[in-house]
$ cat coords_29.cif   # mmCIF, C-alpha atoms, pLDDT in the B column; chains and numbers go by the auth columns
data_work
loop_
_atom_site.group_PDB
_atom_site.id
_atom_site.type_symbol
_atom_site.label_atom_id
_atom_site.label_comp_id
_atom_site.label_asym_id
_atom_site.label_seq_id
_atom_site.Cartn_x
_atom_site.Cartn_y
_atom_site.Cartn_z
_atom_site.B_iso_or_equiv
_atom_site.auth_seq_id
_atom_site.auth_asym_id
ATOM 1 C CA ASP A 1 -1.022 -2.620 -35.627 67.00 1 A
ATOM 2 C CA GLU A 2 -2.580 -4.541 -38.520 69.00 2 A
ATOM 3 C CA GLN A 3 0.321 -3.482 -40.802 75.00 3 A
ATOM 4 C CA GLY A 4 2.916 -4.812 -38.344 70.00 4 A
ATOM 5 C CA TRP A 5 4.123 -1.415 -37.084 76.00 5 A
ATOM 6 C CA PRO A 6 5.068 -1.370 -33.410 76.00 6 A
ATOM 7 C CA GLY A 7 2.948 0.811 -31.196 76.00 7 A
ATOM 8 C CA THR A 8 3.665 1.497 -27.571 80.00 8 A
ATOM 9 C CA THR A 9 4.932 -0.584 -24.700 82.00 9 A
ATOM 10 C CA LEU A 10 2.098 -1.552 -22.380 83.00 10 A
ATOM 11 C CA ALA A 11 2.608 -1.218 -18.647 80.00 11 A
ATOM 12 C CA THR A 12 1.427 -3.844 -16.185 77.00 12 A
ATOM 13 C CA GLY A 13 -2.372 -4.011 -16.260 79.00 13 A
ATOM 14 C CA GLN A 14 -2.740 -2.034 -19.504 85.00 14 A
ATOM 15 C CA ARG A 15 -4.671 -3.467 -22.426 83.00 15 A
ATOM 16 C CA LYS A 16 -4.550 -2.831 -26.148 82.00 16 A
ATOM 17 C CA ALA A 17 -6.742 0.040 -27.285 79.00 17 A
ATOM 18 C CA VAL A 18 -7.816 -1.109 -30.755 80.00 18 A
ATOM 19 C CA GLN A 19 -9.283 -4.499 -31.643 79.00 19 A
ATOM 20 C CA GLY A 20 -7.086 -4.828 -34.764 77.00 20 A
ATOM 21 C CA HIS A 21 -3.873 -4.363 -32.777 79.00 21 A
ATOM 22 C CA ARG A 22 -1.864 -7.359 -31.644 79.00 22 A
ATOM 23 C CA ILE A 23 0.289 -7.856 -28.560 80.00 23 A
ATOM 24 C CA MET A 24 3.901 -9.013 -28.900 77.00 24 A
ATOM 25 C CA LEU A 25 6.062 -10.118 -26.017 76.00 25 A
ATOM 26 C CA ALA A 26 9.468 -8.471 -25.880 78.00 26 A
ATOM 27 C CA PRO A 27 12.445 -8.782 -23.519 83.00 27 A
ATOM 28 C CA GLY A 28 12.482 -6.320 -20.642 84.00 28 A
ATOM 29 C CA PRO A 29 15.110 -3.679 -19.931 88.00 29 A
ATOM 30 C CA PRO A 30 18.739 -4.907 -19.787 93.00 30 A
ATOM 31 C CA GLU A 31 18.948 -4.338 -16.020 93.00 31 A
ATOM 32 C CA GLU A 32 15.942 -6.640 -15.438 93.00 32 A
ATOM 33 C CA LEU A 33 17.391 -9.308 -17.737 94.00 33 A
ATOM 34 C CA ALA A 34 20.643 -9.149 -15.761 96.00 34 A
ATOM 35 C CA ILE A 35 18.738 -9.749 -12.507 97.00 35 A
ATOM 36 C CA VAL A 36 16.972 -12.803 -13.982 96.00 36 A
ATOM 37 C CA ARG A 37 20.291 -14.247 -15.200 96.00 37 A
ATOM 38 C CA ARG A 38 21.819 -13.534 -11.810 97.00 38 A
ATOM 39 C CA ILE A 39 18.999 -15.381 -10.006 97.00 39 A
ATOM 40 C CA TYR A 40 19.647 -18.471 -12.133 96.00 40 A
ATOM 41 C CA HIS A 41 23.403 -18.219 -11.489 96.00 41 A
ATOM 42 C CA LEU A 42 22.914 -17.858 -7.720 96.00 42 A
ATOM 43 C CA ARG A 43 20.547 -20.839 -7.559 94.00 43 A
ATOM 44 C CA VAL A 44 22.399 -23.280 -9.826 94.00 44 A
ATOM 45 C CA VAL A 45 26.077 -22.309 -9.696 94.00 45 A
ATOM 46 C CA ARG A 46 26.329 -20.782 -6.212 94.00 46 A
ATOM 47 C CA LYS A 47 23.653 -23.172 -4.848 91.00 47 A
ATOM 48 C CA GLN A 48 21.917 -20.479 -2.806 92.00 48 A
ATOM 49 C CA SER A 49 18.454 -21.094 -1.402 90.00 49 A
ATOM 50 C CA MET A 50 15.524 -19.089 -2.720 90.00 50 A
ATOM 51 C CA VAL A 51 15.315 -17.346 0.661 90.00 51 A
ATOM 52 C CA ALA A 52 19.006 -16.355 0.471 93.00 52 A
ATOM 53 C CA ILE A 53 18.591 -15.038 -3.081 95.00 53 A
ATOM 54 C CA ALA A 54 15.554 -12.949 -2.084 94.00 54 A
ATOM 55 C CA ASN A 55 17.321 -11.612 1.010 94.00 55 A
ATOM 56 C CA GLY A 56 20.418 -10.705 -1.010 95.00 56 A
ATOM 57 C CA LEU A 57 18.424 -8.787 -3.627 96.00 57 A
ATOM 58 C CA ASN A 58 16.458 -7.002 -0.900 96.00 58 A
ATOM 59 C CA ALA A 59 19.661 -6.075 0.958 96.00 59 A
ATOM 60 C CA GLU A 60 20.952 -4.455 -2.238 96.00 60 A
ATOM 61 C CA GLY A 61 17.719 -2.481 -2.656 95.00 61 A
ATOM 62 C CA VAL A 62 16.723 -4.309 -5.850 95.00 62 A
ATOM 63 C CA LEU A 63 12.933 -4.371 -6.214 93.00 63 A
ATOM 64 C CA ASN A 64 10.932 -6.903 -8.230 91.00 64 A
ATOM 65 C CA ASP A 65 8.866 -6.027 -11.316 85.00 65 A
ATOM 66 C CA ASN A 66 5.976 -4.873 -9.108 84.00 66 A
ATOM 67 C CA GLY A 67 8.223 -2.446 -7.188 88.00 67 A
ATOM 68 C CA ARG A 68 8.126 -4.662 -4.082 92.00 68 A
ATOM 69 C CA LEU A 69 10.667 -6.580 -2.044 95.00 69 A
ATOM 70 C CA TRP A 70 11.600 -10.062 -3.213 94.00 70 A
ATOM 71 C CA GLY A 71 10.309 -13.218 -1.554 91.00 71 A
ATOM 72 C CA PRO A 72 11.101 -16.913 -2.105 90.00 72 A
ATOM 73 C CA LYS A 73 7.857 -17.383 -4.056 89.00 73 A
ATOM 74 C CA ALA A 74 8.847 -14.686 -6.593 93.00 74 A
ATOM 75 C CA ILE A 75 12.266 -16.339 -6.988 94.00 75 A
ATOM 76 C CA LYS A 76 10.612 -19.739 -7.509 91.00 76 A
ATOM 77 C CA THR A 77 8.305 -18.244 -10.148 92.00 77 A
ATOM 78 C CA ILE A 78 11.306 -16.983 -12.111 94.00 78 A
ATOM 79 C CA LEU A 79 13.136 -20.295 -11.747 94.00 79 A
ATOM 80 C CA THR A 80 10.187 -22.358 -13.013 91.00 80 A
ATOM 81 C CA ASN A 81 8.658 -20.131 -15.727 92.00 81 A
ATOM 82 C CA GLU A 82 9.410 -21.511 -19.187 92.00 82 A
ATOM 83 C CA LYS A 83 9.227 -18.074 -20.801 92.00 83 A
ATOM 84 C CA TYR A 84 12.911 -17.677 -19.902 94.00 84 A
ATOM 85 C CA ILE A 85 13.774 -20.502 -22.332 94.00 85 A
ATOM 86 C CA GLY A 86 11.496 -19.072 -25.023 93.00 86 A
ATOM 87 C CA ASN A 87 8.324 -21.081 -24.423 92.00 87 A
ATOM 88 C CA ASN A 88 4.950 -19.369 -24.236 91.00 88 A
ATOM 89 C CA ILE A 89 2.424 -21.251 -22.113 90.00 89 A
ATOM 90 C CA PHE A 90 -1.016 -20.108 -21.087 86.00 90 A
ATOM 91 C CA GLY A 91 -4.104 -21.710 -19.655 89.00 91 A
ATOM 92 C CA TYR A 92 -2.528 -22.642 -16.309 84.00 92 A
ATOM 93 C CA LEU A 93 -5.687 -21.483 -14.576 88.00 93 A
ATOM 94 C CA THR A 94 -9.388 -21.326 -15.289 89.00 94 A
ATOM 95 C CA LYS A 95 -11.560 -18.792 -13.544 86.00 95 A
ATOM 96 C CA ARG A 96 -15.287 -18.504 -13.972 87.00 96 A
ATOM 97 C CA LEU A 97 -16.824 -15.080 -13.568 86.00 97 A
ATOM 98 C CA GLY A 98 -17.065 -14.404 -9.842 84.00 98 A
ATOM 99 C CA GLY A 99 -15.547 -17.772 -8.972 86.00 99 A
ATOM 100 C CA LYS A 100 -12.238 -18.987 -7.632 89.00 100 A
ATOM 101 C CA ALA A 101 -9.303 -19.721 -9.896 87.00 101 A
ATOM 102 C CA LYS A 102 -8.751 -23.421 -10.554 89.00 102 A
ATOM 103 C CA ARG A 103 -5.430 -24.894 -11.697 86.00 103 A
ATOM 104 C CA ASN A 104 -5.690 -26.809 -14.976 88.00 104 A
ATOM 105 C CA PRO A 105 -3.776 -30.046 -15.578 86.00 105 A
ATOM 106 C CA PRO A 106 -0.651 -29.666 -17.772 83.00 106 A
ATOM 107 C CA GLU A 107 -2.296 -31.509 -20.672 86.00 107 A
ATOM 108 C CA ALA A 108 -4.912 -28.699 -20.848 88.00 108 A
ATOM 109 C CA TRP A 109 -2.315 -25.912 -21.144 89.00 109 A
ATOM 110 C CA VAL A 110 -1.745 -24.206 -24.482 92.00 110 A
ATOM 111 C CA ARG A 111 1.973 -24.375 -25.342 90.00 111 A
ATOM 112 C CA CYS A 112 4.118 -22.758 -27.978 91.00 112 A
ATOM 113 C CA ASP A 113 7.701 -23.929 -27.590 92.00 113 A
ATOM 114 C CA GLY A 114 10.327 -21.618 -29.065 91.00 114 A
ATOM 115 C CA ALA A 115 7.906 -18.691 -29.329 89.00 115 A
ATOM 116 C CA PHE A 116 10.656 -16.159 -28.695 86.00 116 A
ATOM 117 C CA PRO A 117 14.432 -16.069 -28.121 89.00 117 A
ATOM 118 C CA ALA A 118 15.609 -17.761 -24.936 92.00 118 A
ATOM 119 C CA LEU A 119 17.072 -15.635 -22.172 93.00 119 A
ATOM 120 C CA ILE A 120 18.402 -18.611 -20.179 94.00 120 A
ATOM 121 C CA ASP A 121 20.204 -21.710 -21.451 94.00 121 A
ATOM 122 C CA ARG A 122 17.865 -24.726 -21.414 93.00 122 A
ATOM 123 C CA LYS A 123 20.285 -26.877 -19.373 94.00 123 A
ATOM 124 C CA LEU A 124 20.619 -24.127 -16.735 95.00 124 A
ATOM 125 C CA PHE A 125 16.830 -23.717 -16.644 93.00 125 A
ATOM 126 C CA LEU A 126 16.239 -27.441 -16.107 91.00 126 A
ATOM 127 C CA GLN A 127 18.803 -27.530 -13.286 91.00 127 A
ATOM 128 C CA ALA A 128 17.195 -24.491 -11.638 91.00 128 A
ATOM 129 C CA ARG A 129 13.675 -25.870 -11.968 87.00 129 A
ATOM 130 C CA ARG A 130 14.753 -29.202 -10.514 84.00 130 A
ATOM 131 C CA ARG A 131 16.224 -27.385 -7.495 81.00 131 A
ATOM 132 C CA ALA A 132 13.156 -25.124 -7.142 76.00 132 A
ATOM 133 C CA VAL A 133 10.570 -27.894 -6.856 67.00 133 A
ATOM 134 C CA PRO A 134 10.091 -28.704 -3.171 58.00 134 A
ATOM 135 C CA ARG A 135 10.822 -32.167 -1.857 53.00 135 A
ATOM 136 C CA LYS A 136 7.509 -33.787 -0.937 55.00 136 A
ATOM 137 C CA ILE A 137 8.077 -36.074 1.980 54.00 137 A
ATOM 138 C CA CYS A 138 4.999 -36.676 4.130 65.00 138 A
ATOM 139 C CA LEU A 139 5.991 -37.519 7.675 73.00 139 A
ATOM 140 C CA ASP A 140 4.191 -37.382 10.986 80.00 140 A
ATOM 141 C CA THR A 141 5.288 -34.853 13.615 85.00 141 A
ATOM 142 C CA GLU A 142 7.536 -37.306 15.465 85.00 142 A
ATOM 143 C CA ALA A 143 9.355 -38.331 12.267 83.00 143 A
ATOM 144 C CA LEU A 144 9.819 -34.667 11.279 85.00 144 A
ATOM 145 C CA LEU A 145 11.397 -33.901 14.647 88.00 145 A
ATOM 146 C CA GLU A 146 13.617 -37.000 14.515 87.00 146 A
ATOM 147 C CA ALA A 147 14.917 -35.995 11.076 86.00 147 A
ATOM 148 C CA LEU A 148 15.623 -32.468 12.316 88.00 148 A
ATOM 149 C CA LEU A 149 17.350 -33.789 15.435 90.00 149 A
ATOM 150 C CA GLY A 150 19.605 -35.977 13.309 87.00 150 A
ATOM 151 C CA LEU A 151 20.578 -33.019 11.145 89.00 151 A
ATOM 152 C CA TRP A 152 21.252 -30.882 14.228 90.00 152 A
ATOM 153 C CA GLN A 153 23.447 -33.602 15.740 90.00 153 A
ATOM 154 C CA ASP A 154 25.323 -33.908 12.456 87.00 154 A
ATOM 155 C CA ARG A 155 25.843 -30.164 11.851 88.00 155 A
ATOM 156 C CA GLY A 156 25.846 -28.802 15.410 91.00 156 A
ATOM 157 C CA MET A 157 23.388 -26.061 14.484 91.00 157 A
ATOM 158 C CA LEU A 158 20.299 -25.476 12.350 90.00 158 A
ATOM 159 C CA SER A 159 19.199 -22.745 9.974 89.00 159 A
ATOM 160 C CA LEU A 160 16.812 -22.549 7.066 87.00 160 A
ATOM 161 C CA ARG A 161 19.782 -22.734 4.687 86.00 161 A
ATOM 162 C CA ILE A 162 21.144 -25.901 6.350 89.00 162 A
ATOM 163 C CA ILE A 163 17.707 -27.542 6.202 88.00 163 A
ATOM 164 C CA GLU A 164 17.176 -26.506 2.548 84.00 164 A
ATOM 165 C CA ASP A 165 20.593 -27.859 1.546 82.00 165 A
ATOM 166 C CA CYS A 166 19.960 -31.260 3.150 80.00 166 A
ATOM 167 C CA LYS A 167 18.276 -33.548 0.615 72.00 167 A
ATOM 168 C CA THR A 168 17.396 -36.312 3.076 76.00 168 A
ATOM 169 C CA ILE A 169 14.821 -34.409 5.143 82.00 169 A
ATOM 170 C CA PRO A 170 11.777 -32.297 4.202 82.00 170 A
ATOM 171 C CA CYS A 171 12.363 -28.686 3.171 81.00 171 A
ATOM 172 C CA GLY A 172 12.433 -25.950 5.800 83.00 172 A
ATOM 173 C CA HIS A 173 9.014 -24.661 4.807 81.00 173 A
ATOM 174 C CA ALA A 174 7.488 -28.038 5.707 82.00 174 A
ATOM 175 C CA TYR A 175 8.641 -27.391 9.276 85.00 175 A
ATOM 176 C CA ILE A 176 7.357 -23.810 9.188 85.00 176 A
ATOM 177 C CA ARG A 177 3.948 -25.015 7.929 82.00 177 A
ATOM 178 C CA ARG A 178 3.767 -27.759 10.569 84.00 178 A
ATOM 179 C CA PHE A 179 5.073 -25.816 13.587 87.00 179 A
ATOM 180 C CA GLY A 180 4.449 -22.171 12.662 85.00 180 A
ATOM 181 C CA SER A 181 8.147 -21.201 12.632 84.00 181 A
ATOM 182 C CA LEU A 182 11.616 -22.641 12.961 79.00 182 A
#

$ encode --input "coords_29.cif" --output "structure tokens"
Amino acid sequence: DEQGWPGTTLATGQRKAVQGHRIMLAPGPPEELAIVRRIYHLRVVRKQSMVAIANGLNAEGVLNDNGRLWGPKAIKTILTNEKYIGNNIFGYLTKRLGGKAKRNPPEAWVRCDGAFPALIDRKLFLQARRRAVPRKICLDTEALLEALLGLWQDRGMLSLRIIEDCKTIPCGHAYIRRFGSL
């Protein structure tokens, strides 16, 4: 409140009740923090793909913060969100009333570095973010297939994990987008 006394914890979608009250971000429950740290460890240290991380969490019955199963996009969001190193950033999107959301350029974002204590080491975060950003290689269909054939001849088999781990060809999702599936 206006005197600095903590009120209640707001659930997802809840808003403050009184205009004079202020919102403070706080770390989540210890079990959620452990999952976030584990995701970073699996991606950077164990070098697992985002698909493998999501599948592993789902196999264990761990649900995401919305109570749903994990997907690669949710894993990527965790791996690229600077809040885990203590930075508060807003203004990623602009949305006019009744219109579609539009992504703003990074120079238009509002940043506050070091806004709260970091949950993840900065070096670990940068390594994870670097691995989470997809490789953008624009090839025609024939070149995509030739690259995949070369990998298959080299490895003797193909899987999404093998494709994701190979840095010389487009990511597996480029093939899924182009051909509909692997």

$ closest_residue --input "coords_29.cif" --among "A:Gln3, A:Phe116, A:Lys123, A:Arg178" --to "A:Met24" --atoms "only C-alpha atoms"
A:Phe116

$ residues_around --input "coords_29.cif" --residues "A:Asn64" --least-positions-apart "4" --cutoff "12 Å" --atoms "only C-alpha atoms" --output "list in words"
Glu31, Glu32, Leu33, Ile35, Val36, Ile39, Ala54, Leu57, Asn58, Glu60, Arg68, Leu69, Trp70, Gly71, Pro72, Lys73, Ala74, Ile75, Thr77 and Ile78 of chain A

$ residues_around --input "coords_29.cif" --residues "A:Phe179" --least-positions-apart "6" --cutoff "12 Å" --atoms "only C-alpha atoms" --output "PDB file with C-alpha atoms, in the coordinates of the input"
ATOM      1  CA  ASP A 140       4.191 -37.382  10.986  1.00 80.00           C
ATOM      2  CA  THR A 141       5.288 -34.853  13.615  1.00 85.00           C
ATOM      3  CA  GLU A 142       7.536 -37.306  15.465  1.00 85.00           C
ATOM      4  CA  LEU A 144       9.819 -34.667  11.279  1.00 85.00           C
ATOM      5  CA  LEU A 145      11.397 -33.901  14.647  1.00 88.00           C
ATOM      6  CA  GLY A 172      12.433 -25.950   5.800  1.00 83.00           C
ATOM      7  CA  HIS A 173       9.014 -24.661   4.807  1.00 81.00           C
TER       8      HIS A 173
END

$ atom_distance --input "coords_29.cif" --atom1 "atom CA of A:Arg46" --atom2 "atom CA of A:Leu148"
24.4 Å

$ axis_aligned_box --input "coords_29.cif" --around "stretch 143-151 of chain A" --padding-each-side "4 Å" --output "lines of an AutoDock Vina configuration file"
center_x = 15.0
center_y = -35.4
center_z = 13.3
size_x = 19.2
size_y = 13.9
size_z = 12.4
